[in-house]
Every structure is written in structure tokens, then in C-alpha cells.
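Just coords-v1.pdb here, PDB, C-alpha atoms:
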MODEL        1
ATOM      1  CA  MET A   1       0.000   0.000   0.000
ATOM      2  CA  THR A   2       1.302   3.460  -0.835
ATOM      3  CA  ILE A   3      -0.535   6.682  -0.123
ATOM      4  CA  GLY A   4       1.174   9.970  -0.722
ATOM      5  CA  ASN A   5       1.607  12.882  -2.993
ATOM      6  CA  PHE A   6       5.176  12.621  -4.143
ATOM      7  CA  SER A   7       5.282  14.136  -7.587
ATOM      8  CA  ASN A   8       8.101  11.831  -8.635
ATOM      9  CA  PRO A   9       8.893   8.117  -8.233
ATOM     10  CA  ILE A  10      11.614   7.096  -5.794
ATOM     11  CA  ASP A  11      14.306   6.817  -8.478
ATOM     12  CA  GLN A  12      13.643  10.362  -9.696
ATOM     13  CA  ARG A  13      13.089  11.991  -6.332
ATOM     14  CA  TYR A  14      15.111  14.967  -5.072
ATOM     15  CA  PHE A  15      15.117  17.437  -2.187
ATOM     16  CA  GLU A  16      12.463  19.570  -3.907
ATOM     17  CA  ASP A  17      10.006  16.638  -3.839
ATOM     18  CA  TYR A  18       9.852  16.521  -0.022
ATOM     19  CA  VAL A  19       7.063  19.019   0.679
ATOM     20  CA  PRO A  20       6.589  20.134   4.282
ATOM     21  CA  GLY A  21       3.223  18.957   5.616
ATOM     22  CA  SER A  22       2.828  16.148   3.093
ATOM     23  CA  VAL A  23       1.959  12.737   4.538
ATOM     24  CA  HIS A  24       3.099   9.408   3.088
ATOM     25  CA  GLU A  25       1.872   5.958   4.109
ATOM     26  CA  PHE A  26       3.254   2.609   3.049
ATOM     27  CA  GLY A  27       4.127  -0.896   4.132
ATOM     28  CA  GLU A  28       3.892  -3.582   5.283
ATOM     29  CA  ILE A  29       6.767  -5.647   6.644
ATOM     30  CA  ARG A  30       6.296  -8.811   8.727
ATOM     31  CA  VAL A  31       7.996  -9.476  12.044
ATOM     32  CA  GLU A  32       8.931 -13.167  12.301
ATOM     33  CA  GLU A  33       9.748 -14.982  15.531
ATOM     34  CA  ASP A  34      12.906 -16.615  14.200
ATOM     35  CA  GLU A  35      14.271 -13.253  13.066
ATOM     36  CA  ILE A  36      13.428 -11.676  16.445
ATOM     37  CA  ILE A  37      15.477 -14.371  18.179
ATOM     38  CA  ARG A  38      18.354 -14.320  15.690
ATOM     39  CA  PHE A  39      18.639 -10.526  15.792
ATOM     40  CA  ALA A  40      18.539 -10.449  19.592
ATOM     41  CA  ARG A  41      21.093 -13.220  20.082
ATOM     42  CA  ARG A  42      23.606 -11.118  18.178
ATOM     43  CA  PHE A  43      22.660  -7.572  19.189
ATOM     44  CA  ASP A  44      20.369  -7.479  22.222
ATOM     45  CA  PRO A  45      20.525 -10.720  24.216
ATOM     46  CA  GLN A  46      17.875 -10.025  26.855
ATOM     47  CA  VAL A  47      15.621 -12.992  27.610
ATOM     48  CA  PHE A  48      12.389 -11.274  26.551
ATOM     49  CA  HIS A  49      13.965 -11.001  23.068
ATOM     50  CA  THR A  50      15.707 -14.400  22.844
ATOM     51  CA  ASP A  51      13.698 -17.008  24.771
ATOM     52  CA  PRO A  52       9.943 -17.428  24.113
ATOM     53  CA  GLU A  53       9.453 -19.515  27.272
ATOM     54  CA  ALA A  54      11.388 -17.266  29.681
ATOM     55  CA  ALA A  55       9.747 -14.234  28.065
ATOM     56  CA  LYS A  56       6.363 -15.430  29.351
ATOM     57  CA  GLN A  57       7.613 -14.742  32.906
ATOM     58  CA  SER A  58       8.896 -11.260  31.979
ATOM     59  CA  VAL A  59       7.070  -7.933  32.279
ATOM     60  CA  TYR A  60       6.085  -8.316  28.610
ATOM     61  CA  GLY A  61       4.325 -11.675  29.031
ATOM     62  CA  GLY A  62       5.917 -13.069  25.885
ATOM     63  CA  LEU A  63       8.576 -12.608  23.246
ATOM     64  CA  ILE A  64       9.007  -9.058  21.891
ATOM     65  CA  ALA A  65      11.340  -7.677  19.232
ATOM     66  CA  SER A  66      14.405  -5.704  20.254
ATOM     67  CA  GLY A  67      13.730  -2.006  19.785
ATOM     68  CA  TRP A  68      16.732  -1.917  17.460
ATOM     69  CA  HIS A  69      15.213  -4.703  15.396
ATOM     70  CA  SER A  70      11.949  -2.768  15.131
ATOM     71  CA  ALA A  71      13.894   0.349  14.152
ATOM     72  CA  SER A  72      15.781  -1.626  11.518
ATOM     73  CA  LEU A  73      12.532  -2.991  10.039
ATOM     74  CA  MET A  74      11.228   0.575   9.942
ATOM     75  CA  MET A  75      14.386   1.565   8.066
ATOM     76  CA  ARG A  76      13.704  -1.092   5.441
ATOM     77  CA  LEU A  77      10.313   0.476   4.691
ATOM     78  CA  PHE A  78      11.884   3.947   4.774
ATOM     79  CA  VAL A  79      14.475   2.929   2.157
ATOM     80  CA  ASP A  80      12.055   0.970  -0.040
ATOM     81  CA  HIS A  81       9.349   3.641  -0.219
ATOM     82  CA  TYR A  82      10.411   7.083   1.010
ATOM     83  CA  LEU A  83      14.106   7.857   0.745
ATOM     84  CA  SER A  84      15.276   8.841  -2.738
ATOM     85  CA  HIS A  85      17.243   6.099  -4.498
ATOM     86  CA  VAL A  86      19.299   8.642  -6.451
ATOM     87  CA  ALA A  87      19.776  11.645  -4.151
ATOM     88  CA  SER A  88      20.254  10.345  -0.594
ATOM     89  CA  LEU A  89      23.464  11.690   0.962
ATOM     90  CA  GLY A  90      23.193   9.977   4.335
ATOM     91  CA  SER A  91      21.835  10.895   7.714
ATOM     92  CA  PRO A  92      23.389  12.784  10.627
ATOM     93  CA  GLY A  93      21.054  11.010  13.040
ATOM     94  CA  VAL A  94      17.639  10.580  14.576
ATOM     95  CA  ASP A  95      15.836  12.405  17.393
ATOM     96  CA  GLU A  96      13.276  11.182  19.890
ATOM     97  CA  LEU A  97      13.228   7.506  18.970
ATOM     98  CA  ARG A  98      10.386   6.095  21.064
ATOM     99  CA  TRP A  99       9.267   2.516  21.615
ATOM    100  CA  LEU A 100       5.627   2.936  22.597
ATOM    101  CA  LYS A 101       4.225  -0.583  22.433
ATOM    102  CA  PRO A 102       5.747  -4.059  22.211
ATOM    103  CA  VAL A 103       6.309  -5.507  18.716
ATOM    104  CA  ARG A 104       5.522  -9.221  18.749
ATOM    105  CA  PRO A 105       5.995 -12.235  16.454
ATOM    106  CA  GLY A 106       3.471 -12.128  13.606
ATOM    107  CA  ASP A 107       3.006  -8.364  13.707
ATOM    108  CA  ALA A 108       3.031  -6.468  10.410
ATOM    109  CA  LEU A 109       4.448  -2.943  10.497
ATOM    110  CA  SER A 110       3.620  -0.042   8.214
ATOM    111  CA  LEU A 111       4.772   3.574   8.211
ATOM    112  CA  ARG A 112       3.172   6.984   8.177
ATOM    113  CA  ILE A 113       5.656   9.779   7.497
ATOM    114  CA  THR A 114       4.995  13.505   7.662
ATOM    115  CA  VAL A 115       7.565  15.802   6.097
ATOM    116  CA  ALA A 116       8.135  18.148   9.045
ATOM    117  CA  GLU A 117      10.664  20.643   7.699
ATOM    118  CA  THR A 118      13.054  21.094   4.798
ATOM    119  CA  LYS A 119      16.045  23.398   4.812
ATOM    120  CA  ARG A 120      18.375  24.017   1.918
ATOM    121  CA  SER A 121      22.024  24.112   2.935
ATOM    122  CA  ARG A 122      23.716  27.491   2.664
ATOM    123  CA  SER A 123      27.242  26.114   2.817
ATOM    124  CA  LYS A 124      26.550  23.292   0.311
ATOM    125  CA  PRO A 125      23.881  24.576  -2.112
ATOM    126  CA  ASP A 126      23.591  21.228  -3.934
ATOM    127  CA  ARG A 127      21.715  19.663  -0.998
ATOM    128  CA  GLY A 128      19.232  20.180   1.798
ATOM    129  CA  LEU A 129      18.189  18.667   5.114
ATOM    130  CA  VAL A 130      14.793  16.933   5.361
ATOM    131  CA  ARG A 131      13.232  16.376   8.792
ATOM    132  CA  SER A 132      10.617  13.625   8.792
ATOM    133  CA  ASP A 133       8.231  12.609  11.575
ATOM    134  CA  VAL A 134       7.969   8.830  11.330
ATOM    135  CA  GLU A 135       5.278   6.669  12.938
ATOM    136  CA  ALA A 136       5.317   2.867  12.754
ATOM    137  CA  MET A 137       1.965   1.124  13.138
ATOM    138  CA  ASN A 138       1.104  -2.520  13.707
ATOM    139  CA  GLN A 139      -1.684  -4.420  11.913
ATOM    140  CA  ASN A 140      -4.231  -3.075  14.430
ATOM    141  CA  GLY A 141      -3.361   0.524  13.631
ATOM    142  CA  GLU A 142      -1.602   1.046  16.963
ATOM    143  CA  VAL A 143       1.434   3.321  16.824
ATOM    144  CA  VAL A 144       4.261   1.143  18.175
ATOM    145  CA  MET A 145       7.258   3.398  17.495
ATOM    146  CA  THR A 146       8.039   6.960  16.463
ATOM    147  CA  MET A 147      11.145   8.906  15.520
ATOM    148  CA  LYS A 148      12.230  12.171  13.952
ATOM    149  CA  ALA A 149      14.547  11.354  11.058
ATOM    150  CA  LEU A 150      17.129  13.671   9.513
ATOM    151  CA  ASN A 151      18.320  13.152   5.933
ATOM    152  CA  PHE A 152      20.579  15.021   3.576
ATOM    153  CA  ILE A 153      19.086  14.950   0.058
ATOM    154  CA  ARG A 154      20.627  16.267  -3.139
ATOM    155  CA  CYS A 155      18.699  19.014  -4.960
ATOM    156  CA  ARG A 156      17.378  18.628  -8.491
ATOM    157  CA  ASN A 157      17.987  22.271  -9.286
ATOM    158  CA  VAL A 158      21.355  23.644  -8.285
ATOM    159  CA  PRO A 159      21.947  27.400  -8.733
TER     160      PRO A 159
ATOM    161  CA  MET B   1      38.495  -3.831  28.807
ATOM    162  CA  THR B   2      36.239  -2.525  31.557
ATOM    163  CA  ILE B   3      36.786   0.714  33.440
ATOM    164  CA  GLY B   4      34.178   1.965  35.836
ATOM    165  CA  ASN B   5      33.129   2.275  39.401
ATOM    166  CA  PHE B   6      30.021   0.131  39.606
ATOM    167  CA  SER B   7      29.885  -1.168  43.141
ATOM    168  CA  ASN B   8      28.147  -4.352  41.992
ATOM    169  CA  PRO B   9      28.578  -6.823  39.124
ATOM    170  CA  ILE B  10      26.073  -6.797  36.282
ATOM    171  CA  ASP B  11      23.990  -9.668  37.715
ATOM    172  CA  GLN B  12      23.581  -7.888  41.071
ATOM    173  CA  ARG B  13      23.133  -4.365  39.743
ATOM    174  CA  TYR B  14      20.084  -2.212  40.543
ATOM    175  CA  PHE B  15      18.881   1.371  40.059
ATOM    176  CA  GLU B  16      20.898   2.532  43.085
ATOM    177  CA  ASP B  17      24.155   1.435  41.404
ATOM    178  CA  TYR B  18      23.819   3.932  38.545
ATOM    179  CA  VAL B  19      25.517   6.997  40.067
ATOM    180  CA  PRO B  20      25.121  10.299  38.196
ATOM    181  CA  GLY B  21      28.464  11.524  36.885
ATOM    182  CA  SER B  22      30.099   8.083  36.918
ATOM    183  CA  VAL B  23      31.872   7.053  33.707
ATOM    184  CA  HIS B  24      32.083   3.485  32.414
ATOM    185  CA  GLU B  25      34.250   2.258  29.529
ATOM    186  CA  PHE B  26      34.207  -1.147  27.893
ATOM    187  CA  GLY B  27      34.392  -3.070  24.654
ATOM    188  CA  GLU B  28      35.353  -4.012  22.051
ATOM    189  CA  ILE B  29      33.177  -5.434  19.299
ATOM    190  CA  ARG B  30      34.394  -6.016  15.727
ATOM    191  CA  VAL B  31      32.584  -4.826  12.618
ATOM    192  CA  GLU B  32      32.898  -7.426   9.871
ATOM    193  CA  GLU B  33      32.296  -6.778   6.162
ATOM    194  CA  ASP B  34      30.062  -9.798   5.648
ATOM    195  CA  GLU B  35      27.828  -8.759   8.536
ATOM    196  CA  ILE B  36      27.653  -5.174   7.214
ATOM    197  CA  ILE B  37      26.410  -6.503   3.875
ATOM    198  CA  ARG B  38      24.025  -9.082   5.361
ATOM    199  CA  PHE B  39      22.478  -6.565   7.772
ATOM    200  CA  ALA B  40      22.049  -3.951   5.054
ATOM    201  CA  ARG B  41      20.516  -6.325   2.490
ATOM    202  CA  ARG B  42      17.722  -7.013   4.968
ATOM    203  CA  PHE B  43      17.289  -3.653   6.708
ATOM    204  CA  ASP B  44      19.015  -0.818   4.846
ATOM    205  CA  PRO B  45      19.677  -1.719   1.198
ATOM    206  CA  GLN B  46      21.570   1.374   0.080
ATOM    207  CA  VAL B  47      24.570   0.648  -2.180
ATOM    208  CA  PHE B  48      27.152   2.168   0.162
ATOM    209  CA  HIS B  49      26.061  -0.493   2.714
ATOM    210  CA  THR B  50      25.578  -3.496   0.394
ATOM    211  CA  ASP B  51      28.061  -3.295  -2.509
ATOM    212  CA  PRO B  52      31.790  -2.762  -1.800
ATOM    213  CA  GLU B  53      32.522  -1.891  -5.444
ATOM    214  CA  ALA B  54      29.660   0.561  -5.964
ATOM    215  CA  ALA B  55      30.399   2.064  -2.536
ATOM    216  CA  LYS B  56      33.768   3.264  -3.848
ATOM    217  CA  GLN B  57      31.914   5.655  -6.150
ATOM    218  CA  SER B  58      29.687   6.942  -3.341
ATOM    219  CA  VAL B  59      30.261   9.973  -1.126
ATOM    220  CA  TYR B  60      31.784   7.611   1.457
ATOM    221  CA  GLY B  61      34.494   6.221  -0.851
ATOM    222  CA  GLY B  62      33.876   2.662   0.334
ATOM    223  CA  LEU B  63      31.589   0.348   2.226
ATOM    224  CA  ILE B  64      30.191   1.663   5.527
ATOM    225  CA  ALA B  65      27.902   0.054   8.100
ATOM    226  CA  SER B  66      24.240   1.040   8.260
ATOM    227  CA  GLY B  67      23.729   3.440  11.140
ATOM    228  CA  TRP B  68      21.196   0.950  12.521
ATOM    229  CA  HIS B  69      23.802  -1.797  12.388
ATOM    230  CA  SER B  70      26.258   0.419  14.290
ATOM    231  CA  ALA B  71      23.540   1.211  16.828
ATOM    232  CA  SER B  72      22.772  -2.506  17.200
ATOM    233  CA  LEU B  73      26.453  -3.323  17.807
ATOM    234  CA  MET B  74      26.499  -0.559  20.419
ATOM    235  CA  MET B  75      23.474  -2.205  22.052
ATOM    236  CA  ARG B  76      25.343  -5.503  22.305
ATOM    237  CA  LEU B  77      28.091  -3.830  24.347
ATOM    238  CA  PHE B  78      25.450  -1.970  26.385
ATOM    239  CA  VAL B  79      23.717  -5.253  27.289
ATOM    240  CA  ASP B  80      26.924  -7.210  27.928
ATOM    241  CA  HIS B  81      28.600  -4.650  30.192
ATOM    242  CA  TYR B  82      26.294  -1.884  31.433
ATOM    243  CA  LEU B  83      22.617  -2.780  31.662
ATOM    244  CA  SER B  84      21.662  -4.813  34.720
ATOM    245  CA  HIS B  85      20.970  -8.484  33.941
ATOM    246  CA  VAL B  86      18.468  -8.746  36.793
ATOM    247  CA  ALA B  87      16.711  -5.363  37.031
ATOM    248  CA  SER B  88      16.224  -4.033  33.485
ATOM    249  CA  LEU B  89      12.580  -3.157  32.808
ATOM    250  CA  GLY B  90      12.958  -1.984  29.231
ATOM    251  CA  SER B  91      13.470   1.341  27.523
ATOM    252  CA  PRO B  92      11.017   4.020  26.443
ATOM    253  CA  GLY B  93      13.458   5.219  23.795
ATOM    254  CA  VAL B  94      16.585   7.085  22.834
ATOM    255  CA  ASP B  95      17.306  10.774  22.213
ATOM    256  CA  GLU B  96      19.764  12.469  19.894
ATOM    257  CA  LEU B  97      21.147   9.412  18.146
ATOM    258  CA  ARG B  98      24.005  10.818  16.040
ATOM    259  CA  TRP B  99      26.148   9.145  13.392
ATOM    260  CA  LEU B 100      29.288  11.290  13.436
ATOM    261  CA  LYS B 101      31.786   9.295  11.400
ATOM    262  CA  PRO B 102      31.543   6.308   9.054
ATOM    263  CA  VAL B 103      31.946   2.834  10.572
ATOM    264  CA  ARG B 104      33.911   0.619   8.175
ATOM    265  CA  PRO B 105      34.773  -3.082   7.815
ATOM    266  CA  GLY B 106      37.465  -4.070  10.305
ATOM    267  CA  ASP B 107      36.652  -1.320  12.795
ATOM    268  CA  ALA B 108      36.425  -2.253  16.475
ATOM    269  CA  LEU B 109      33.952  -0.301  18.575
ATOM    270  CA  SER B 110      34.053   0.398  22.292
ATOM    271  CA  LEU B 111      31.770   2.438  24.539
ATOM    272  CA  ARG B 112      32.152   5.229  27.049
ATOM    273  CA  ILE B 113      28.990   5.820  29.067
ATOM    274  CA  THR B 114      28.354   8.633  31.524
ATOM    275  CA  VAL B 115      25.389   8.281  33.859
ATOM    276  CA  ALA B 116      23.691  11.619  33.172
ATOM    277  CA  GLU B 117      20.681  11.563  35.481
ATOM    278  CA  THR B 118      18.681   9.154  37.608
ATOM    279  CA  LYS B 119      15.128   9.697  38.733
ATOM    280  CA  ARG B 120      13.113   7.424  40.984
ATOM    281  CA  SER B 121       9.536   6.949  39.814
ATOM    282  CA  ARG B 122       6.884   8.485  42.034
ATOM    283  CA  SER B 123       4.017   6.485  40.563
ATOM    284  CA  LYS B 124       5.935   3.147  40.624
ATOM    285  CA  PRO B 125       8.328   3.270  43.611
ATOM    286  CA  ASP B 126       9.943  -0.076  42.745
ATOM    287  CA  ARG B 127      11.828   1.454  39.799
ATOM    288  CA  GLY B 128      13.601   4.490  38.413
ATOM    289  CA  LEU B 129      14.643   6.033  35.101
ATOM    290  CA  VAL B 130      18.350   6.162  34.213
ATOM    291  CA  ARG B 131      19.556   8.593  31.518
ATOM    292  CA  SER B 132      22.905   7.597  30.036
ATOM    293  CA  ASP B 133      25.102   9.562  27.632
ATOM    294  CA  VAL B 134      26.627   6.958  25.333
ATOM    295  CA  GLU B 135      29.642   7.482  23.072
ATOM    296  CA  ALA B 136      30.889   4.797  20.676
ATOM    297  CA  MET B 137      34.542   5.000  19.657
ATOM    298  CA  ASN B 138      36.496   3.219  16.937
ATOM    299  CA  GLN B 139      39.965   1.680  17.364
ATOM    300  CA  ASN B 140      41.551   5.091  16.726
ATOM    301  CA  GLY B 141      39.670   6.685  19.598
ATOM    302  CA  GLU B 142      37.411   8.667  17.267
ATOM    303  CA  VAL B 143      33.831   9.100  18.476
ATOM    304  CA  VAL B 144      31.732   7.592  15.668
ATOM    305  CA  MET B 145      28.280   7.649  17.279
ATOM    306  CA  THR B 146      26.503   9.098  20.315
ATOM    307  CA  MET B 147      23.079   8.732  21.885
ATOM    308  CA  LYS B 148      21.194   9.534  25.071
ATOM    309  CA  ALA B 149      19.681   6.282  26.338
ATOM    310  CA  LEU B 150      16.710   5.952  28.679
ATOM    311  CA  ASN B 151      16.232   2.827  30.803
ATOM    312  CA  PHE B 152      13.811   1.767  33.494
ATOM    313  CA  ILE B 153      15.703  -0.119  36.220
ATOM    314  CA  ARG B 154      14.262  -1.889  39.265
ATOM    315  CA  CYS B 155      15.379  -0.605  42.678
ATOM    316  CA  ARG B 156      17.223  -2.783  45.188
ATOM    317  CA  ASN B 157      15.547  -1.069  48.124
ATOM    318  CA  VAL B 158      11.807  -0.601  47.838
ATOM    319  CA  PRO B 159      10.090   1.406  50.597
TER     320      PRO B 159
ENDMDL
END

So, in terms of C-alpha cells, how does the structure I just supplied come out?
Amino acid sequence: MTIGNFSNPIDQRYFEDYVPGSVHEFGEIRVEEDEIIRFARRFDPQVFHTDPEAAKQSVYGGLIASGWHSASLMMRLFVDHYLSHVASLGSPGVDELRWLKPVRPGDALSLRITVAETKRSRSKPDRGLVRSDVEAMNQNGEVVMTMKALNFIRCRNVP
Amino acid sequence: MTIGNFSNPIDQRYFEDYVPGSVHEFGEIRVEEDEIIRFARRFDPQVFHTDPEAAKQSVYGGLIASGWHSASLMMRLFVDHYLSHVASLGSPGVDELRWLKPVRPGDALSLRITVAETKRSRSKPDRGLVRSDVEAMNQNGEVVMTMKALNFIRCRNVP
């Protein structure tokens, strides 16, 4: 599913196409139990991420995905559907990453992104900074995670 | 390597052991090229993360780790050395995640964490919130990534 008003497809998308106030929705991506466990064994070995049985005794009452796994799944949707494939110049970081609700095996995540602000660089006039408010929803429409993303994007029209 | 002044080992560590102003250093963890590529193919398929040859033509001049991969490696060190193994009650999120320098194949990351603030919960007196300023360094001592982590930790002494 893709809802949005980008005037150009992702392989012809530049800084000018990210319009403040525009809202873009897309997804989904599935969260599988075996990937939750594999990811957590390597990167976040807490029992509520690695052991379905022990997780039942935890505060979460069952296995949940590492927050970094959820963020990484969100990134996959961000790259597949939102971030230009020809003009992305990397990211300086992310603000206010929030894990609001557990992400569990079998969940399907989708994204709603609002372009919050765009600012053309004065020192490097071939690019600009795009601030995006990102919400990740599960299959029940509950917002499970939010973040404010920062991305440098090359401009189509350079003075 | 572990430097720090925790008064208790990680499996006997509670909210009271996180002392504001204390500094803790530990690591390392290696960043391998095959893991960079495998992680990025699944979660962040941009060419400078997935294709060593194409990455040479990118702004980074070579393959670099996804920022989410770097953050996940940081989490592994955080869980192995810093976060209590008996009293962790999860995290509401992270502030000001910043990717300051590229992380490349062969790099070895370590962490320096300063306990920034601790606040006992008034509504749930069995726990408190710990704010930690986290810096990830490479083998040359360069700070490659920073974040402000938030963690709920159970108290040893409950009134």
C-alpha cells in the first residue's frame, strides 16, 4: 500500500520533492519470531527477546522484538518507499526515537511519514536537510514506534 | 576492557548502582564486512552499505555500516557490560542518536557511558529512570556515534 503525494517516483526523487506537511503511508513488513530471536542473540541478548518460554515470565508476558530490530525494520520500509534512491546523501542522526508498544511475532508494520521541515544548505547549495516525523503502526493501527529522522538529500535544481 | 566504578557486578546491579556523573568504559566489538552486507541487504539496502565496489563511487568512498547496524552493535556492548541483567525493565526510547563518522569493515567499537541523570519513579516506587550519555569510539579513539539512552531499572531497596 502506498498513499502519498510525491510528484516523482523514488528513483527520480530529489530534495524539492519533499514538501513540508505532506503525509506518506506505506508498508507492510512482517515481524517473524525466528528473526526476532536471531537478531537479539547477536545484538540485544535479553531474555524477553531471545527465549519465548522465559519471556512469558517477563514484564512483557511473551517474546518481543528488540527495539533496534523494530527500528531496523522501519528503516527497510523507509528505504524501499520514502528515501530517494538517487539523491540520498546519508543521515546525521535521529531524534526522539520512542518505543511505545511491544512488537511481537506475527506483527506487520507499516509507516506513516509527515515531512516536518526542509532546509536548503547554505554552505553546500547542492543539498538540503529533510526532517521527517515517522510513525510505525502494527496491523491493528496502533502506533508502536516513532522517531524524527534527519536526511541530507541532493537538490534537483542547483543554482 | 572494563573501566568503571560500579559497586556491583552486572547480575547484582540495581537502580541505586547507577551513580550520576560516573563514567564506564568497555568493549570491544568487531565490525565485519560480511555482517555489514548481510544486515544492510535485509534492513538498509543502500549501495554504500551493500556493494563494496559501488560504494567506492559513493560519497563515502567505500563500504560503511548502516547506522542501525552500528547502533545494534552498540546495544550488544550496552547489554553485555552496562545494563543490569536482573533489574532491566525496558526502555522508552533514545534521544539524539548521532552518526558522526563512518563505521567501516574491520573497525572495532568500544563504549564510554556517563550516567547523566537518575530519577526514581513516584508512581511506581519499585523502579527508576536512568539517563545515560553513550559514546561509541572506533579503534583510533574517534567518536563515531553518540546517543542519550533511557532505561527503566528496578530498585534494590523498595520502601

Non-local contacts of Phe152 of chain A (6 Å; only C-alpha atoms; under 2 positions in same chain excluded) as a PyMOL selection string: chain A and resi 89-91+128-129

Taking the file as I've supplied it (selection: the PyMOL selection byres ((chain A) within 9 of (chain B))), which residues are included? Please answer as a PDB file with C-alpha atoms, in the frame of the given file.
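Result written to result-v8.pdb:
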ATOM      1  CA  ALA A  40      18.539 -10.449  19.592  1.00  0.00           C
ATOM      2  CA  ARG A  42      23.606 -11.118  18.178  1.00  0.00           C
ATOM      3  CA  PHE A  43      22.660  -7.572  19.189  1.00  0.00           C
ATOM      4  CA  ASP A  44      20.369  -7.479  22.222  1.00  0.00           C
ATOM      5  CA  PRO A  45      20.525 -10.720  24.216  1.00  0.00           C
ATOM      6  CA  GLN A  46      17.875 -10.025  26.855  1.00  0.00           C
ATOM      7  CA  SER A  58       8.896 -11.260  31.979  1.00  0.00           C
ATOM      8  CA  VAL A  59       7.070  -7.933  32.279  1.00  0.00           C
ATOM      9  CA  GLY A  67      13.730  -2.006  19.785  1.00  0.00           C
ATOM     10  CA  TRP A  68      16.732  -1.917  17.460  1.00  0.00           C
ATOM     11  CA  HIS A  69      15.213  -4.703  15.396  1.00  0.00           C
ATOM     12  CA  ALA A  71      13.894   0.349  14.152  1.00  0.00           C
ATOM     13  CA  SER A  72      15.781  -1.626  11.518  1.00  0.00           C
ATOM     14  CA  LEU A  73      12.532  -2.991  10.039  1.00  0.00           C
ATOM     15  CA  MET A  74      11.228   0.575   9.942  1.00  0.00           C
ATOM     16  CA  MET A  75      14.386   1.565   8.066  1.00  0.00           C
ATOM     17  CA  ARG A  76      13.704  -1.092   5.441  1.00  0.00           C
ATOM     18  CA  LEU A  77      10.313   0.476   4.691  1.00  0.00           C
ATOM     19  CA  PHE A  78      11.884   3.947   4.774  1.00  0.00           C
ATOM     20  CA  VAL A  79      14.475   2.929   2.157  1.00  0.00           C
ATOM     21  CA  ASP A  80      12.055   0.970  -0.040  1.00  0.00           C
ATOM     22  CA  HIS A  85      17.243   6.099  -4.498  1.00  0.00           C
ATOM     23  CA  LEU A  89      23.464  11.690   0.962  1.00  0.00           C
ATOM     24  CA  GLY A  90      23.193   9.977   4.335  1.00  0.00           C
ATOM     25  CA  SER A  91      21.835  10.895   7.714  1.00  0.00           C
ATOM     26  CA  PRO A  92      23.389  12.784  10.627  1.00  0.00           C
ATOM     27  CA  GLY A  93      21.054  11.010  13.040  1.00  0.00           C
ATOM     28  CA  VAL A  94      17.639  10.580  14.576  1.00  0.00           C
ATOM     29  CA  ASP A  95      15.836  12.405  17.393  1.00  0.00           C
ATOM     30  CA  GLU A  96      13.276  11.182  19.890  1.00  0.00           C
ATOM     31  CA  LEU A  97      13.228   7.506  18.970  1.00  0.00           C
ATOM     32  CA  ARG A  98      10.386   6.095  21.064  1.00  0.00           C
ATOM     33  CA  TRP A  99       9.267   2.516  21.615  1.00  0.00           C
ATOM     34  CA  LEU A 100       5.627   2.936  22.597  1.00  0.00           C
TER      35      LEU A 100
END

Quote the spacing between atom CA of Thr50 of chain B and atom CA of Glu35 of chain B in Å to one decimal place.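 Interatomic distance, atom CA of Thr50 of chain B to atom CA of Glu35 of chain B: 10.0 Å.
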
Selection as JSON, numbers by chain: residues within 8 Å of (39.1, -2.7, 17.3), counting only C-alpha atoms: {"B": [28, 29, 30, 106, 107, 108, 109, 110, 138, 139]}

May I have the residues within 6 Å of Ala87 of chain A as a list in words, using all atoms listed in the file and disregarding those fewer than 4 positions away in the same chain?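 Selected residues are Tyr14, Ile153 and Arg154 of chain A.
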
Point-to-point distance in Å for atom CA of Arg156 of chain B and atom CA of Ile113 of chain B: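 About the pair atom CA of Ile113 of chain B and atom CA of Arg156 of chain B: they are 21.7 Å apart.
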
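Atom CA of Asp11 of chain B is found 21.7 Å from atom CA of Asp133 of chain B.
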
Might you pull out every residue within 8 Å of Asp17 of chain B, with all atoms listed in the file counted and same-chain residues fewer than 2 positions away left off, and present them as a list in words? Phe6, Ser7, Asn8, Arg13, Tyr14, Phe15 and Val19 of chain B

Fewer than 4 positions away in the same chain doesn't count, so skip those; otherwise give me all residues within 7 Å of Arg112 of chain A, counting all atoms listed in the file, as JSON, numbers by chain. {"A": [23, 24, 25, 26, 134, 135, 136]}

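For the choices B:Ala54, B:Ile64, B:Ile37, B:Cys155, the atom-to-atom distance to Pro102 of chain B is smallest for B:Ile64 when using only C-alpha atoms.
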
Here's a test: counting only C-alpha atoms, identify every protein, DNA and RNA residue with an atom at most 8 Å from (19.6, 8.3, 35.1) in the file's coordinate frame, and state them as a PyMOL selection string. chain B and resi 18-20+115-119+128-132+150-151

Show me, as AutoDock Vina command-line options, the centre and edge lengths in Å to one decimal of the axis-aligned box that covers every listed atom of segment 150-158 of chain A with 4 Å on each side.
--center_x 19.2 --center_y 18.4 --center_z 0.1 --size_x 12.2 --size_y 18.5 --size_z 26.8

Have a look at A:Ser22, A:Asn157, A:Gln12, A:Gln57 and name the one nearest to Arg127 of chain A; count all atoms listed in the file. A:Asn157
